[in-house]
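Working notes, structure below.
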Amino acid sequence: MSNAPEFEKGSVRAYAPRSVEQLMRIVFLISALAAILSVGLICVFLFAGGLPGIGKIGVREFLLGTDWSPVNVPPSYGILPMILGSLYVTAGAIIIGVPIGIFTAVFMAEICPKPIYGFLKPAVDLLAGIPSVVYGFFGMVVLVPLVRNWFGGNGSSMLTASILLGIMILPTVIGITESSIRAVPRELYEGSIALGASRERSIFGVILPAAKSGIMAAVVLGIGRAIGETMAVKMVAGNQAIMRMPNEFLRGVRTLTANVVMEMGYAEGLHRDALIATGVVLFVFILIINLLFSILNGRGDK
(Lines give C-alpha, C1' and ligand atoms only; values in the text may rest on other atoms or scores of the structure.)
Protein backbone atom coordinates (compact mmCIF):
# COMPACT_ATOMS: atom_id res chain seq x y z
CA MET A 1 0.00 0.00 0.00
CA SER A 2 1.49 3.30 -1.08
CA ASN A 3 2.29 6.04 1.46
CA ALA A 4 2.00 8.80 -1.14
CA PRO A 5 -0.53 11.57 -0.43
CA GLU A 6 -4.01 10.93 -1.79
CA PHE A 7 -5.67 13.39 -4.19
CA GLU A 8 -9.38 13.98 -4.67
CA LYS A 9 -10.75 13.73 -8.18
CA GLY A 10 -10.51 17.12 -9.91
CA SER A 11 -8.55 18.59 -7.01
CA VAL A 12 -4.88 19.50 -6.55
CA ARG A 13 -5.03 19.40 -2.76
CA ALA A 14 -2.83 16.84 -1.05
CA TYR A 15 -3.80 15.52 2.36
CA ALA A 16 -0.81 15.39 4.65
CA PRO A 17 -0.78 12.99 7.60
CA ARG A 18 -2.54 14.32 10.69
CA SER A 19 0.68 14.23 12.69
CA VAL A 20 2.31 16.65 10.25
CA GLU A 21 -0.66 19.02 10.54
CA GLN A 22 -0.43 18.97 14.32
CA LEU A 23 3.31 19.59 14.17
CA MET A 24 2.90 22.60 11.88
CA ARG A 25 0.17 24.00 14.14
CA ILE A 26 2.59 23.81 17.06
CA VAL A 27 5.35 25.48 15.00
CA PHE A 28 3.03 28.31 13.96
CA LEU A 29 1.81 28.75 17.54
CA ILE A 30 5.37 28.93 18.87
CA SER A 31 6.27 31.49 16.21
CA ALA A 32 3.29 33.66 17.10
CA LEU A 33 4.03 33.42 20.82
CA ALA A 34 7.68 34.31 20.19
CA ALA A 35 6.65 37.47 18.35
CA ILE A 36 4.23 38.44 21.13
CA LEU A 37 6.86 37.68 23.78
CA SER A 38 9.42 39.84 21.99
CA VAL A 39 7.07 42.81 21.92
CA GLY A 40 6.15 42.22 25.54
CA LEU A 41 9.79 42.10 26.67
CA ILE A 42 10.55 45.33 24.80
CA CYS A 43 7.58 47.04 26.46
CA VAL A 44 8.64 45.80 29.91
CA PHE A 45 12.22 46.98 29.39
CA LEU A 46 11.19 50.41 28.14
CA PHE A 47 8.53 51.17 30.73
CA ALA A 48 10.42 49.61 33.65
CA GLY A 49 13.52 51.62 32.81
CA GLY A 50 11.86 54.84 31.61
CA LEU A 51 8.89 55.50 33.88
CA PRO A 52 10.99 55.81 37.08
CA GLY A 53 13.17 58.39 35.33
CA ILE A 54 10.12 60.38 34.23
CA GLY A 55 8.83 60.21 37.80
CA LYS A 56 12.09 61.61 39.20
CA ILE A 57 12.37 64.37 36.59
CA GLY A 58 8.68 65.23 36.47
CA VAL A 59 6.35 64.68 33.55
CA ARG A 60 5.95 68.39 32.84
CA GLU A 61 9.64 69.19 33.04
CA PHE A 62 10.56 66.17 30.93
CA LEU A 63 8.03 66.59 28.13
CA LEU A 64 7.76 70.39 28.08
CA GLY A 65 11.24 71.41 29.23
CA THR A 66 13.36 73.23 26.65
CA ASP A 67 16.82 72.55 28.08
CA TRP A 68 18.74 69.27 27.85
CA SER A 69 21.88 69.64 29.97
CA PRO A 70 22.80 66.39 31.76
CA VAL A 71 26.23 67.70 32.81
CA ASN A 72 24.97 70.85 34.52
CA VAL A 73 24.45 71.13 38.25
CA PRO A 74 21.58 70.62 38.68
CA PRO A 75 21.03 68.73 35.41
CA SER A 76 18.13 69.46 33.06
CA TYR A 77 16.28 66.83 31.04
CA GLY A 78 13.77 68.65 28.85
CA ILE A 79 13.06 66.94 25.52
CA LEU A 80 10.51 69.31 23.95
CA PRO A 81 13.03 70.66 21.37
CA MET A 82 13.85 67.09 20.34
CA ILE A 83 10.17 66.11 20.18
CA LEU A 84 9.47 69.04 17.89
CA GLY A 85 12.60 68.32 15.88
CA SER A 86 11.54 64.71 15.31
CA LEU A 87 8.04 65.81 14.30
CA TYR A 88 9.32 68.53 11.95
CA VAL A 89 11.81 66.23 10.26
CA THR A 90 9.23 63.45 9.92
CA ALA A 91 6.61 65.86 8.55
CA GLY A 92 9.11 67.18 6.01
CA ALA A 93 9.99 63.64 4.94
CA ILE A 94 6.30 62.77 4.49
CA ILE A 95 5.65 65.94 2.46
CA ILE A 96 8.59 65.12 0.19
CA GLY A 97 8.46 61.33 0.03
CA VAL A 98 4.77 60.38 0.03
CA PRO A 99 3.64 62.24 -3.14
CA ILE A 100 6.71 61.08 -5.06
CA GLY A 101 6.22 57.52 -3.83
CA ILE A 102 2.51 57.38 -4.71
CA PHE A 103 3.02 58.86 -8.19
CA THR A 104 5.91 56.46 -8.82
CA ALA A 105 3.77 53.52 -7.71
CA VAL A 106 0.95 54.63 -10.04
CA PHE A 107 3.41 54.87 -12.90
CA MET A 108 4.87 51.43 -12.19
CA ALA A 109 1.49 49.72 -11.77
CA GLU A 110 -0.51 51.34 -14.56
CA ILE A 111 1.65 53.20 -17.06
CA CYS A 112 5.23 51.93 -17.06
CA PRO A 113 6.27 49.92 -20.17
CA LYS A 114 7.59 46.47 -19.39
CA PRO A 115 11.21 47.14 -20.48
CA ILE A 116 11.41 50.16 -18.18
CA TYR A 117 9.61 48.32 -15.37
CA GLY A 118 12.20 45.55 -15.55
CA PHE A 119 14.85 48.14 -14.68
CA LEU A 120 12.81 50.38 -12.34
CA LYS A 121 11.49 47.67 -10.02
CA PRO A 122 14.94 46.29 -9.04
CA ALA A 123 16.19 49.85 -8.61
CA VAL A 124 13.42 50.60 -6.11
CA ASP A 125 14.08 47.33 -4.30
CA LEU A 126 17.77 48.20 -4.17
CA LEU A 127 16.93 51.45 -2.34
CA ALA A 128 15.37 49.40 0.45
CA GLY A 129 18.58 47.42 0.95
CA ILE A 130 20.98 50.35 1.25
CA PRO A 131 22.25 50.71 4.86
CA SER A 132 21.33 53.85 6.78
CA VAL A 133 24.97 54.86 7.17
CA VAL A 134 25.37 54.88 3.39
CA TYR A 135 22.35 57.17 3.11
CA GLY A 136 23.93 59.36 5.77
CA PHE A 137 27.21 59.50 3.89
CA PHE A 138 25.33 60.44 0.71
CA GLY A 139 23.58 63.19 2.65
CA MET A 140 26.86 64.56 4.01
CA VAL A 141 28.64 64.54 0.65
CA VAL A 142 25.80 65.56 -1.68
CA LEU A 143 22.79 67.00 0.14
CA VAL A 144 24.55 69.13 2.76
CA PRO A 145 26.59 71.13 0.19
CA LEU A 146 23.52 71.33 -2.07
CA VAL A 147 21.31 72.81 0.65
CA ARG A 148 24.12 75.13 1.78
CA ASN A 149 24.62 76.51 -1.73
CA TRP A 150 20.94 76.82 -2.63
CA PHE A 151 19.29 77.87 0.63
CA GLY A 152 22.08 79.14 2.88
CA GLY A 153 23.16 78.14 6.34
CA ASN A 154 25.77 75.48 6.98
CA GLY A 155 23.77 72.74 5.22
CA SER A 156 23.34 70.50 8.25
CA SER A 157 19.73 71.29 8.96
CA MET A 158 16.19 70.02 9.32
CA LEU A 159 15.65 70.58 5.60
CA THR A 160 18.56 68.31 4.71
CA ALA A 161 17.37 65.63 7.11
CA SER A 162 13.82 65.86 5.70
CA ILE A 163 15.06 65.45 2.13
CA LEU A 164 17.20 62.48 3.08
CA LEU A 165 14.40 60.77 5.01
CA GLY A 166 12.03 61.49 2.12
CA ILE A 167 14.38 59.48 -0.09
CA MET A 168 14.71 56.70 2.49
CA ILE A 169 10.95 56.10 2.83
CA LEU A 170 10.43 55.86 -0.94
CA PRO A 171 10.92 52.05 -1.19
CA THR A 172 8.34 51.46 1.56
CA VAL A 173 5.75 53.82 0.09
CA ILE A 174 6.30 52.69 -3.51
CA GLY A 175 6.30 48.96 -2.78
CA ILE A 176 3.17 48.82 -0.62
CA THR A 177 1.25 51.33 -2.76
CA GLU A 178 2.05 49.43 -5.96
CA SER A 179 0.91 46.15 -4.41
CA SER A 180 -2.31 47.80 -3.24
CA ILE A 181 -3.01 49.22 -6.69
CA ARG A 182 -2.42 45.86 -8.37
CA ALA A 183 -4.76 44.21 -5.85
CA VAL A 184 -7.70 46.35 -7.01
CA PRO A 185 -10.01 44.29 -9.28
CA ARG A 186 -9.34 45.16 -12.89
CA GLU A 187 -13.07 45.29 -13.57
CA LEU A 188 -13.27 48.64 -11.75
CA TYR A 189 -10.77 50.24 -14.11
CA GLU A 190 -12.31 48.67 -17.20
CA GLY A 191 -15.80 49.72 -16.13
CA SER A 192 -14.64 53.31 -15.65
CA ILE A 193 -13.06 53.32 -19.11
CA ALA A 194 -16.24 51.81 -20.59
CA LEU A 195 -18.27 54.67 -19.09
CA GLY A 196 -16.14 57.18 -20.95
CA ALA A 197 -13.65 58.26 -18.25
CA SER A 198 -10.10 59.00 -19.31
CA ARG A 199 -7.20 56.83 -18.26
CA GLU A 200 -5.96 59.37 -15.73
CA ARG A 201 -9.44 59.95 -14.28
CA SER A 202 -9.96 56.21 -13.94
CA ILE A 203 -6.67 55.82 -12.10
CA PHE A 204 -7.06 58.74 -9.70
CA GLY A 205 -10.85 58.60 -9.37
CA VAL A 206 -11.39 54.84 -9.15
CA ILE A 207 -8.19 52.85 -8.61
CA LEU A 208 -6.56 54.99 -5.90
CA PRO A 209 -9.73 55.35 -3.78
CA ALA A 210 -10.21 51.58 -3.97
CA ALA A 211 -6.61 51.09 -2.82
CA LYS A 212 -6.90 53.69 -0.04
CA SER A 213 -6.39 51.21 2.79
CA GLY A 214 -3.10 49.95 1.40
CA ILE A 215 -1.90 53.47 0.60
CA MET A 216 -2.62 54.57 4.16
CA ALA A 217 -0.65 51.57 5.43
CA ALA A 218 2.25 52.63 3.23
CA VAL A 219 2.14 56.15 4.67
CA VAL A 220 2.02 54.86 8.26
CA LEU A 221 4.99 52.56 7.68
CA GLY A 222 6.81 55.47 6.04
CA ILE A 223 6.15 57.62 9.10
CA GLY A 224 7.44 54.85 11.34
CA ARG A 225 10.60 54.55 9.27
CA ALA A 226 11.16 58.30 9.28
CA ILE A 227 10.52 58.94 12.96
CA GLY A 228 12.64 55.95 14.01
CA GLU A 229 15.65 56.62 11.76
CA THR A 230 18.83 57.36 13.70
CA MET A 231 22.17 57.13 11.92
CA ALA A 232 21.35 59.00 8.72
CA VAL A 233 19.65 61.84 10.62
CA LYS A 234 22.53 62.07 13.07
CA MET A 235 24.96 62.56 10.18
CA VAL A 236 23.11 65.42 8.46
CA ALA A 237 20.86 67.17 11.00
CA GLY A 238 23.51 69.21 12.82
CA ASN A 239 23.15 67.82 16.37
CA GLN A 240 24.16 70.99 18.19
CA ALA A 241 25.38 70.53 21.74
CA ILE A 242 23.28 73.52 22.85
CA MET A 243 19.66 72.59 22.42
CA ARG A 244 17.44 75.25 20.87
CA MET A 245 13.79 75.26 19.91
CA PRO A 246 13.68 74.32 16.21
CA ASN A 247 11.75 77.08 14.45
CA GLU A 248 13.13 77.05 10.93
CA PHE A 249 14.25 74.38 8.49
CA LEU A 250 17.68 75.86 7.84
CA ARG A 251 18.80 75.39 11.45
CA GLY A 252 20.24 72.22 12.86
CA VAL A 253 18.29 70.00 15.20
CA ARG A 254 18.75 66.97 17.40
CA THR A 255 16.02 64.36 17.15
CA LEU A 256 14.96 61.94 19.87
CA THR A 257 16.67 58.98 18.24
CA ALA A 258 19.89 60.87 17.59
CA ASN A 259 20.01 62.04 21.20
CA VAL A 260 19.73 58.48 22.48
CA VAL A 261 22.43 57.09 20.22
CA MET A 262 24.83 59.98 20.94
CA GLU A 263 24.65 59.82 24.74
CA MET A 264 23.70 56.27 25.72
CA GLY A 265 27.31 55.10 25.53
CA TYR A 266 28.43 57.13 28.55
CA ALA A 267 25.12 57.81 30.34
CA GLU A 268 24.51 56.50 33.85
CA GLY A 269 22.06 57.01 36.67
CA LEU A 270 19.25 59.46 36.02
CA HIS A 271 20.81 60.43 32.68
CA ARG A 272 20.48 56.85 31.45
CA ASP A 273 16.92 56.64 32.77
CA ALA A 274 16.06 59.85 30.89
CA LEU A 275 17.39 58.38 27.65
CA ILE A 276 15.33 55.21 28.15
CA ALA A 277 12.33 57.45 28.86
CA THR A 278 13.00 59.09 25.50
CA GLY A 279 12.56 55.64 23.96
CA VAL A 280 9.23 55.38 25.80
CA VAL A 281 8.11 58.64 24.17
CA LEU A 282 9.07 57.29 20.74
CA PHE A 283 7.23 54.05 21.46
CA VAL A 284 4.09 55.98 22.45
CA PHE A 285 4.35 58.06 19.25
CA ILE A 286 4.34 54.89 17.16
CA LEU A 287 1.37 53.50 19.10
CA ILE A 288 -0.58 56.73 18.55
CA ILE A 289 0.21 56.70 14.82
CA ASN A 290 -0.95 53.09 14.46
CA LEU A 291 -4.08 53.79 16.53
CA LEU A 292 -4.99 56.77 14.34
CA PHE A 293 -4.43 54.64 11.25
CA SER A 294 -6.72 51.94 12.59
CA ILE A 295 -9.43 54.51 13.37
CA LEU A 296 -9.18 56.19 9.97
CA ASN A 297 -9.06 52.86 8.17
CA GLY A 298 -12.11 51.64 10.09
CA ARG A 299 -14.07 54.76 9.16
CA GLY A 300 -13.02 54.40 5.53
CA ASP A 301 -14.32 50.83 5.36
CA LYS A 302 -17.80 51.81 6.54
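Ordered as shown in the C-alpha coordinates, chains take letters A, B, and onward, while each chain numbers its residues from 1 and ligands are numbered from 1 in the order shown.
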
Identify all residues of range 99-243 of chain A in helix (DSSP H, G or I) (DSSP on the backbone) and supply them as a PyMOL selection string.
chain A and resi 99-111+114-129+132-151+158-168+170-183+186-194+199-210+212-228+231-236

Applying 10 Å and only C-alpha atoms, which residues near Ile96 in chain A remain after dropping the ones on its own chain fewer than 3 positions away? List them as a PyMOL selection string.
chain A and resi 90-93+99-101+162-167+169-170

Which neighbours of Ala128 in chain A fall inside 8 Å, counting only C-alpha atoms, when residues of the same chain fewer than 6 positions from it are skipped, and could you give them as a PyMOL selection string?
chain A and resi 168+171-172

Write a file of the selected residues as a PDB file, in the first residue's frame, keeping N, CA, C and O atoms.
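What ended up in out-v2.pdb:
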ATOM      1  N   MET A 168      14.613  58.006   1.834  1.00  0.00           N
ATOM      2  CA  MET A 168      14.714  56.703   2.486  1.00  0.00           C
ATOM      3  C   MET A 168      13.365  55.994   2.601  1.00  0.00           C
ATOM      4  O   MET A 168      13.315  54.755   2.622  1.00  0.00           O
ATOM      5  N   PRO A 171      11.169  53.478  -0.903  1.00  0.00           N
ATOM      6  CA  PRO A 171      10.916  52.054  -1.187  1.00  0.00           C
ATOM      7  C   PRO A 171       9.695  51.511  -0.462  1.00  0.00           C
ATOM      8  O   PRO A 171       8.923  50.732  -1.034  1.00  0.00           O
ATOM      9  N   THR A 172       9.491  51.927   0.795  1.00  0.00           N
ATOM     10  CA  THR A 172       8.336  51.463   1.556  1.00  0.00           C
ATOM     11  C   THR A 172       7.036  51.950   0.931  1.00  0.00           C
ATOM     12  O   THR A 172       6.093  51.173   0.698  1.00  0.00           O
TER      13      THR A 172
END

Would you tabulate, counting only C-alpha atoms, all residues of range 116-184 of chain A that have an atom at most 12 Å from an atom of range 200-213 of chain A, showing the closest pair of atoms and their distance in Å to one decimal, sorted by chain then ascending number, as a Markdown table?
| residue | atom | partner | partner_atom | distance |
| --- | --- | --- | --- | --- |
| A:Ile176 | CA | A:Ala211 | CA | 10.3 |
| A:Thr177 | CA | A:Ala211 | CA | 7.9 |
| A:Glu178 | CA | A:Ala211 | CA | 9.4 |
| A:Ser179 | CA | A:Ala211 | CA | 9.1 |
| A:Ser180 | CA | A:Ala211 | CA | 5.4 |
| A:Ile181 | CA | A:Ala211 | CA | 5.6 |
| A:Arg182 | CA | A:Ala211 | CA | 8.7 |
| A:Ala183 | CA | A:Ala211 | CA | 7.7 |
| A:Val184 | CA | A:Ala211 | CA | 6.4 |

Measuring atom to atom with only C-alpha atoms, identify which of A:Leu282, A:Val141, A:Leu292, A:Ile276 is nearest to Leu46 in chain A.
A:Ile276

Can you check which parts of range 83-194 of chain A lie within 12 Å of range 65-78 of chain A? Per residue, the shortest pair of atoms and distance in Å to one decimal, counting only C-alpha atoms, sorted by chain and number, as JSON lines.
{"residue": "A:Ile83", "atom": "CA", "partner": "A:Gly78", "partner_atom": "CA", "distance": 9.7}
{"residue": "A:Leu84", "atom": "CA", "partner": "A:Thr66", "partner_atom": "CA", "distance": 10.5}
{"residue": "A:Gly85", "atom": "CA", "partner": "A:Thr66", "partner_atom": "CA", "distance": 11.9}

Restrict the selected residues to N, CA, C and O atoms and save them as a tab-separated table (two decimals), in the first residue's frame.
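Wrote result-v4.tsv, looks like this:
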chain	number	residue	atom	x	y	z
A	83	ILE	N	11.48	66.59	20.64
A	83	ILE	CA	10.17	66.11	20.18
A	83	ILE	C	9.75	66.88	18.94
A	83	ILE	O	9.35	66.31	17.92
A	84	LEU	N	9.85	68.22	19.03
A	84	LEU	CA	9.47	69.04	17.89
A	84	LEU	C	10.39	68.78	16.70
A	84	LEU	O	9.94	68.74	15.55
A	85	GLY	N	11.67	68.61	16.97
A	85	GLY	CA	12.60	68.32	15.88
A	85	GLY	C	12.26	67.04	15.17
A	85	GLY	O	12.28	66.97	13.93

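Among A:Val59, A:Met140, A:Ala161, A:Ile36, the residue with the shortest atom-to-atom distance to Phe249 in chain A, counting only C-alpha atoms, is A:Ala161.
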